[in-house]
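Text of data_18.pdb (PDB, C-alpha atoms) as supplied:
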```pdb
ATOM      1  CA  MET A   2      21.723 -42.149-144.882
ATOM      2  CA  GLY A   3      20.196 -43.939-147.845
ATOM      3  CA  LEU A   4      17.577 -46.661-147.534
ATOM      4  CA  PHE A   5      19.811 -49.269-149.200
ATOM      5  CA  SER A   6      22.619 -48.501-146.777
ATOM      6  CA  ALA A   7      20.216 -48.650-143.818
ATOM      7  CA  LEU A   8      18.867 -52.020-144.916
ATOM      8  CA  LEU A   9      22.400 -53.384-145.012
ATOM      9  CA  GLY A  10      22.873 -52.299-141.391
ATOM     10  CA  ASN A  11      25.318 -49.470-141.967
ATOM     11  CA  ALA A  12      25.429 -46.497-139.646
ATOM     12  CA  GLY A  13      25.220 -42.866-140.677
ATOM     13  CA  THR A  14      26.054 -39.677-138.786
ATOM     14  CA  VAL A  15      23.287 -37.962-136.783
ATOM     15  CA  ASN A  16      23.434 -34.216-136.212
ATOM     16  CA  GLN A  17      24.088 -32.994-132.692
ATOM     17  CA  GLU A  18      20.818 -31.065-132.299
ATOM     18  CA  THR A  19      18.770 -34.208-132.981
ATOM     19  CA  LEU A  20      20.853 -36.233-130.518
ATOM     20  CA  ILE A  21      20.471 -33.613-127.785
ATOM     21  CA  LYS A  22      16.710 -33.389-128.388
ATOM     22  CA  ASP A  23      16.232 -37.175-128.335
ATOM     23  CA  TYR A  24      18.807 -38.223-125.712
ATOM     24  CA  GLY A  25      19.744 -35.121-123.729
ATOM     25  CA  LYS A  26      18.011 -36.533-120.654
ATOM     26  CA  LEU A  27      20.646 -39.313-120.517
ATOM     27  CA  LEU A  28      23.507 -36.882-120.027
ATOM     28  CA  ALA A  29      25.127 -36.225-116.672
ATOM     29  CA  GLU A  30      25.776 -32.670-115.547
ATOM     30  CA  GLY A  31      28.570 -31.181-117.643
ATOM     31  CA  GLU A  32      28.510 -34.070-120.138
ATOM     32  CA  MET A  33      28.343 -33.123-123.810
ATOM     33  CA  ILE A  34      27.561 -35.087-126.967
ATOM     34  CA  GLU A  35      30.525 -35.095-129.354
ATOM     35  CA  LEU A  36      29.506 -37.496-132.132
ATOM     36  CA  GLY A  37      26.575 -39.834-132.840
ATOM     37  CA  PHE A  38      25.484 -42.454-135.357
ATOM     38  CA  LYS A  39      22.192 -44.117-136.254
ATOM     39  CA  LEU A  40      21.923 -47.754-137.339
ATOM     40  CA  ILE A  41      18.349 -48.409-138.519
ATOM     41  CA  ARG A  42      16.648 -48.254-135.064
ATOM     42  CA  ASP A  43      19.735 -48.196-132.850
ATOM     43  CA  THR A  44      21.944 -45.220-132.005
ATOM     44  CA  PHE A  45      25.384 -44.861-130.498
ATOM     45  CA  ILE A  46      26.736 -41.661-129.043
ATOM     46  CA  PHE A  47      30.234 -40.549-128.088
ATOM     47  CA  THR A  48      30.031 -38.061-125.215
ATOM     48  CA  SER A  49      32.694 -36.173-123.317
ATOM     49  CA  LYS A  50      32.541 -38.855-120.575
ATOM     50  CA  ARG A  51      31.396 -42.179-122.102
ATOM     51  CA  LEU A  52      30.034 -44.152-125.016
ATOM     52  CA  ILE A  53      26.239 -44.626-124.959
ATOM     53  CA  LEU A  54      24.667 -47.422-127.029
ATOM     54  CA  ILE A  55      20.894 -47.204-127.511
ATOM     55  CA  GLU A  56      19.270 -50.421-128.705
ATOM     56  CA  VAL A  57      15.580 -50.357-129.640
ATOM     57  CA  GLN A  58      14.025 -53.780-128.986
ATOM     58  CA  GLY A  59      10.841 -55.562-130.031
ATOM     59  CA  LEU A  60       8.489 -55.040-132.933
ATOM     60  CA  THR A  61       6.916 -51.894-131.531
ATOM     61  CA  GLY A  62      10.174 -50.373-130.331
ATOM     62  CA  ASN A  63       8.677 -49.584-126.930
ATOM     63  CA  LYS A  64      11.494 -51.360-125.094
ATOM     64  CA  VAL A  65      14.861 -49.589-125.241
ATOM     65  CA  GLU A  66      18.200 -50.575-123.694
ATOM     66  CA  TYR A  67      20.683 -47.824-122.824
ATOM     67  CA  LEU A  68      24.203 -49.215-122.414
ATOM     68  CA  SER A  69      26.810 -46.885-120.981
ATOM     69  CA  VAL A  70      30.481 -47.768-121.480
ATOM     70  CA  SER A  71      33.124 -45.792-119.633
ATOM     71  CA  TYR A  72      36.070 -44.848-121.809
ATOM     72  CA  LYS A  73      38.311 -46.165-118.987
ATOM     73  CA  SER A  74      36.900 -49.675-119.474
ATOM     74  CA  ILE A  75      37.783 -49.779-123.188
ATOM     75  CA  SER A  76      41.009 -51.750-123.444
ATOM     76  CA  ARG A  77      41.463 -51.487-127.217
ATOM     77  CA  PHE A  78      39.627 -50.712-130.445
ATOM     78  CA  SER A  79      40.052 -51.025-134.177
ATOM     79  CA  VAL A  80      38.667 -49.147-137.142
ATOM     80  CA  GLU A  81      38.620 -50.889-140.509
ATOM     81  CA  THR A  82      38.113 -48.619-143.492
ATOM     82  CA  ALA A  83      35.872 -49.475-146.416
ATOM     83  CA  GLY A  84      37.669 -50.824-149.462
ATOM     84  CA  THR A  85      37.075 -49.999-153.098
ATOM     85  CA  PHE A  86      34.342 -52.607-153.552
ATOM     86  CA  GLU A  87      33.096 -52.712-149.954
ATOM     87  CA  LEU A  88      30.093 -50.754-148.750
ATOM     88  CA  ASP A  89      31.093 -50.276-145.145
ATOM     89  CA  ALA A  90      33.759 -49.615-142.561
ATOM     90  CA  GLU A  91      33.747 -51.362-139.192
ATOM     91  CA  LEU A  92      34.442 -50.304-135.610
ATOM     92  CA  LYS A  93      35.353 -52.945-133.004
ATOM     93  CA  ILE A  94      35.658 -52.156-129.297
ATOM     94  CA  TRP A  95      36.991 -54.468-126.595
ATOM     95  CA  VAL A  96      35.791 -53.775-123.055
ATOM     96  CA  SER A  97      38.135 -54.713-120.190
ATOM     97  CA  SER A  98      40.019 -57.932-120.905
ATOM     98  CA  GLU A  99      37.537 -59.662-123.205
ATOM     99  CA  VAL A 100      39.030 -61.785-125.990
ATOM    100  CA  GLU A 101      36.376 -60.969-128.621
ATOM    101  CA  PRO A 102      35.167 -57.429-129.353
ATOM    102  CA  SER A 103      32.296 -56.453-127.060
ATOM    103  CA  ILE A 104      30.940 -53.953-129.565
ATOM    104  CA  ARG A 105      30.884 -54.114-133.381
ATOM    105  CA  LYS A 106      29.376 -51.394-135.534
ATOM    106  CA  LYS A 107      29.374 -50.881-139.298
ATOM    107  CA  PHE A 108      29.447 -47.482-140.974
ATOM    108  CA  ASN A 109      28.542 -46.417-144.480
ATOM    109  CA  LYS A 110      31.144 -44.594-146.580
ATOM    110  CA  ALA A 111      29.602 -41.229-145.693
ATOM    111  CA  VAL A 112      30.989 -41.569-142.149
ATOM    112  CA  ASP A 113      34.542 -40.366-141.600
ATOM    113  CA  VAL A 114      35.953 -43.376-139.719
ATOM    114  CA  TYR A 115      39.101 -41.387-139.002
ATOM    115  CA  GLU A 116      36.953 -38.971-136.982
ATOM    116  CA  VAL A 117      35.483 -41.918-135.047
ATOM    117  CA  GLN A 118      38.993 -43.240-134.384
ATOM    118  CA  LYS A 119      40.152 -39.777-133.315
ATOM    119  CA  VAL A 120      37.330 -39.359-130.768
ATOM    120  CA  LEU A 121      37.939 -42.826-129.310
ATOM    121  CA  ALA A 122      41.692 -42.315-129.155
ATOM    122  CA  MET A 123      41.277 -38.940-127.473
ATOM    123  CA  HIS A 124      39.216 -40.483-124.655
ATOM    124  CA  VAL A 125      40.755 -43.948-124.302
ATOM    125  CA  LEU A 126      44.368 -42.779-124.334
ATOM    126  CA  ARG A 127      43.970 -40.215-121.532
TER
END
```

Using structure tokens, write down the structure from this file.
Amino acid sequence: MGLFSALLGNAGTVNQETLIKDYGKLLAEGEMIELGFKLIRDTFIFTSKRLILIEVQGLTGNKVEYLSVSYKSISRFSVETAGTFELDAELKIWVSSEVEPSIRKKFNKAVDVYEVQKVLAMHVLR
């Protein structure tokens, strides 16, 4: 992920080995990481059982929030692709019956948003 893209707040794909090394301790028995993205200091991970959002807080980054969202609680989602003159694509996720999206993430063009949509659809539509 390029510095310019990172400064704009766009996410880029993180390889699975790095995710397992950094966040493997968060996984339940039998749970596997399928896909992950990094957004400057924050990370979000699609696993075989849930979506994990990791938000680094504060100037020093010592405080970290780990939000776990069950795929069963996701009521709907949308993926908006990047246009010709746009730098990013956007993912919106609604949890339960909320009116506004609970989760919004932007991706740079290097991320295959169709793959993101496919992983979400596979889990949410079970």

*Can you list, as a list in words, every protein, DNA or RNA residue that comes within 12 Å of A:Gly25 when you count only C-alpha atoms, leaving out same-chain residues fewer than 5 positions away?*
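The residues satisfying every condition are Gln17, Glu18, Thr19, Leu20, Glu30, Gly31, Glu32, Met33, Ile34, Ile46, Thr48 and Ile53 of chain A.
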
*Pick out the residues sitting within 10 Å of A:Tyr115, and hand them over as a ChimeraX atom specification; count all atoms listed in the file, and ignore anything fewer than 6 positions along from it in its own chain.*
/A:80-82,121

Cut-off 10 Å around (33.8, -41.0, -131.3) with only C-alpha atoms: residues as a compact mmCIF listing (two decimals) with C-alpha atoms, in the frame of the given file:
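Result saved to result-v8.txt:
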```
# COMPACT_ATOMS: atom_id res chain seq x y z
CA ILE A 34 27.56 -35.09 -126.97
CA GLU A 35 30.52 -35.10 -129.35
CA LEU A 36 29.51 -37.50 -132.13
CA GLY A 37 26.58 -39.83 -132.84
CA PHE A 38 25.48 -42.45 -135.36
CA PHE A 45 25.38 -44.86 -130.50
CA ILE A 46 26.74 -41.66 -129.04
CA PHE A 47 30.23 -40.55 -128.09
CA THR A 48 30.03 -38.06 -125.22
CA SER A 49 32.69 -36.17 -123.32
CA ARG A 51 31.40 -42.18 -122.10
CA LEU A 52 30.03 -44.15 -125.02
CA VAL A 114 35.95 -43.38 -139.72
CA TYR A 115 39.10 -41.39 -139.00
CA GLU A 116 36.95 -38.97 -136.98
CA VAL A 117 35.48 -41.92 -135.05
CA GLN A 118 38.99 -43.24 -134.38
CA LYS A 119 40.15 -39.78 -133.32
CA VAL A 120 37.33 -39.36 -130.77
CA LEU A 121 37.94 -42.83 -129.31
CA ALA A 122 41.69 -42.32 -129.16
CA MET A 123 41.28 -38.94 -127.47
CA HIS A 124 39.22 -40.48 -124.66
```

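Nearest-residue note for A:Lys110: choosing from A:Leu126, A:Leu92, A:Ala83, A:Lys26, the minimum distance belongs to A:Ala83, counting all atoms listed in the file.
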
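Across A:Ala29, A:Ala90, A:Ile55, A:Ile21, the tightest approach to A:Val112 is made by A:Ala90 when counting all atoms listed in the file.
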
_Just to confirm, what's the straight-line distance from atom CA of A:Glu91 to atom CA of A:Arg105 in Å (one decimal)?_
7.0 Å

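Reported to one decimal place, the separation of atom CA of A:Phe78 from atom CA of A:Asp23 is 27.1 Å.
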
*Record the distance separating atom CA of A:Val125 and atom CA of A:Ile94, expressed in Å with one decimal.*
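So the two atoms, atom CA of A:Val125 and atom CA of A:Ile94, lie 10.9 Å apart.
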
Once N, CA and C atoms are restored for stretch 32-60 of chain A, what would the output be as a PDB file, keeping the file's coordinate frame?
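So out23.pdb came out as:
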```
ATOM      1  N   GLU A  32      28.203 -33.141-119.042  1.00  0.00           N
ATOM      2  CA  GLU A  32      28.510 -34.070-120.138  1.00  0.00           C
ATOM      3  C   GLU A  32      27.972 -33.511-121.451  1.00  0.00           C
ATOM      4  N   MET A  33      28.749 -33.658-122.510  1.00  0.00           N
ATOM      5  CA  MET A  33      28.343 -33.123-123.810  1.00  0.00           C
ATOM      6  C   MET A  33      28.452 -34.192-124.889  1.00  0.00           C
ATOM      7  N   ILE A  34      27.522 -34.164-125.832  1.00  0.00           N
ATOM      8  CA  ILE A  34      27.561 -35.087-126.967  1.00  0.00           C
ATOM      9  C   ILE A  34      28.589 -34.578-127.969  1.00  0.00           C
ATOM     10  N   GLU A  35      29.492 -35.469-128.398  1.00  0.00           N
ATOM     11  CA  GLU A  35      30.525 -35.095-129.354  1.00  0.00           C
ATOM     12  C   GLU A  35      30.248 -35.623-130.755  1.00  0.00           C
ATOM     13  N   LEU A  36      29.703 -36.843-130.851  1.00  0.00           N
ATOM     14  CA  LEU A  36      29.506 -37.496-132.132  1.00  0.00           C
ATOM     15  C   LEU A  36      28.457 -38.582-131.954  1.00  0.00           C
ATOM     16  N   GLY A  37      27.590 -38.792-132.951  1.00  0.00           N
ATOM     17  CA  GLY A  37      26.575 -39.834-132.840  1.00  0.00           C
ATOM     18  C   GLY A  37      26.242 -40.449-134.182  1.00  0.00           C
ATOM     19  N   PHE A  38      25.809 -41.706-134.146  1.00  0.00           N
ATOM     20  CA  PHE A  38      25.484 -42.454-135.357  1.00  0.00           C
ATOM     21  C   PHE A  38      24.189 -43.216-135.169  1.00  0.00           C
ATOM     22  N   LYS A  39      23.457 -43.380-136.250  1.00  0.00           N
ATOM     23  CA  LYS A  39      22.192 -44.117-136.254  1.00  0.00           C
ATOM     24  C   LYS A  39      22.355 -45.349-137.128  1.00  0.00           C
ATOM     25  N   LEU A  40      21.865 -46.478-136.630  1.00  0.00           N
ATOM     26  CA  LEU A  40      21.923 -47.754-137.339  1.00  0.00           C
ATOM     27  C   LEU A  40      20.514 -48.324-137.348  1.00  0.00           C
ATOM     28  N   ILE A  41      19.765 -48.075-138.390  1.00  0.00           N
ATOM     29  CA  ILE A  41      18.349 -48.409-138.519  1.00  0.00           C
ATOM     30  C   ILE A  41      17.593 -47.896-137.301  1.00  0.00           C
ATOM     31  N   ARG A  42      17.381 -48.716-136.247  1.00  0.00           N
ATOM     32  CA  ARG A  42      16.648 -48.254-135.064  1.00  0.00           C
ATOM     33  C   ARG A  42      17.566 -47.963-133.892  1.00  0.00           C
ATOM     34  N   ASP A  43      18.808 -48.373-133.960  1.00  0.00           N
ATOM     35  CA  ASP A  43      19.735 -48.196-132.850  1.00  0.00           C
ATOM     36  C   ASP A  43      20.597 -46.957-133.065  1.00  0.00           C
ATOM     37  N   THR A  44      21.120 -46.416-131.961  1.00  0.00           N
ATOM     38  CA  THR A  44      21.944 -45.220-132.005  1.00  0.00           C
ATOM     39  C   THR A  44      23.130 -45.423-131.081  1.00  0.00           C
ATOM     40  N   PHE A  45      24.279 -44.899-131.445  1.00  0.00           N
ATOM     41  CA  PHE A  45      25.384 -44.861-130.498  1.00  0.00           C
ATOM     42  C   PHE A  45      26.003 -43.480-130.506  1.00  0.00           C
ATOM     43  N   ILE A  46      26.348 -43.039-129.280  1.00  0.00           N
ATOM     44  CA  ILE A  46      26.736 -41.661-129.043  1.00  0.00           C
ATOM     45  C   ILE A  46      28.068 -41.620-128.292  1.00  0.00           C
ATOM     46  N   PHE A  47      28.999 -40.824-128.794  1.00  0.00           N
ATOM     47  CA  PHE A  47      30.234 -40.549-128.088  1.00  0.00           C
ATOM     48  C   PHE A  47      30.026 -39.242-127.333  1.00  0.00           C
ATOM     49  N   THR A  48      30.157 -39.281-126.008  1.00  0.00           N
ATOM     50  CA  THR A  48      30.031 -38.061-125.215  1.00  0.00           C
ATOM     51  C   THR A  48      31.404 -37.689-124.664  1.00  0.00           C
ATOM     52  N   SER A  49      31.441 -36.615-123.929  1.00  0.00           N
ATOM     53  CA  SER A  49      32.694 -36.173-123.317  1.00  0.00           C
ATOM     54  C   SER A  49      33.125 -37.099-122.183  1.00  0.00           C
ATOM     55  N   LYS A  50      32.228 -37.991-121.715  1.00  0.00           N
ATOM     56  CA  LYS A  50      32.541 -38.855-120.575  1.00  0.00           C
ATOM     57  C   LYS A  50      32.431 -40.350-120.845  1.00  0.00           C
ATOM     58  N   ARG A  51      31.650 -40.755-121.882  1.00  0.00           N
ATOM     59  CA  ARG A  51      31.396 -42.179-122.102  1.00  0.00           C
ATOM     60  C   ARG A  51      30.844 -42.434-123.498  1.00  0.00           C
ATOM     61  N   LEU A  52      30.687 -43.705-123.792  1.00  0.00           N
ATOM     62  CA  LEU A  52      30.034 -44.152-125.016  1.00  0.00           C
ATOM     63  C   LEU A  52      28.663 -44.667-124.610  1.00  0.00           C
ATOM     64  N   ILE A  53      27.610 -44.185-125.255  1.00  0.00           N
ATOM     65  CA  ILE A  53      26.239 -44.626-124.959  1.00  0.00           C
ATOM     66  C   ILE A  53      25.705 -45.367-126.178  1.00  0.00           C
ATOM     67  N   LEU A  54      25.265 -46.612-125.966  1.00  0.00           N
ATOM     68  CA  LEU A  54      24.667 -47.422-127.029  1.00  0.00           C
ATOM     69  C   LEU A  54      23.185 -47.546-126.732  1.00  0.00           C
ATOM     70  N   ILE A  55      22.351 -47.162-127.681  1.00  0.00           N
ATOM     71  CA  ILE A  55      20.894 -47.204-127.511  1.00  0.00           C
ATOM     72  C   ILE A  55      20.346 -48.244-128.459  1.00  0.00           C
ATOM     73  N   GLU A  56      19.792 -49.314-127.902  1.00  0.00           N
ATOM     74  CA  GLU A  56      19.270 -50.421-128.705  1.00  0.00           C
ATOM     75  C   GLU A  56      17.756 -50.504-128.541  1.00  0.00           C
ATOM     76  N   VAL A  57      17.033 -50.263-129.632  1.00  0.00           N
ATOM     77  CA  VAL A  57      15.580 -50.357-129.640  1.00  0.00           C
ATOM     78  C   VAL A  57      15.219 -51.826-129.841  1.00  0.00           C
ATOM     79  N   GLN A  58      14.348 -52.357-128.963  1.00  0.00           N
ATOM     80  CA  GLN A  58      14.025 -53.780-128.986  1.00  0.00           C
ATOM     81  C   GLN A  58      12.543 -54.004-129.272  1.00  0.00           C
ATOM     82  N   GLY A  59      12.228 -55.181-129.787  1.00  0.00           N
ATOM     83  CA  GLY A  59      10.841 -55.562-130.031  1.00  0.00           C
ATOM     84  C   GLY A  59      10.276 -54.973-131.304  1.00  0.00           C
ATOM     85  N   LEU A  60       9.143 -55.500-131.705  1.00  0.00           N
ATOM     86  CA  LEU A  60       8.489 -55.040-132.933  1.00  0.00           C
ATOM     87  C   LEU A  60       8.011 -53.601-132.837  1.00  0.00           C
TER      88      LEU A  60
END
```
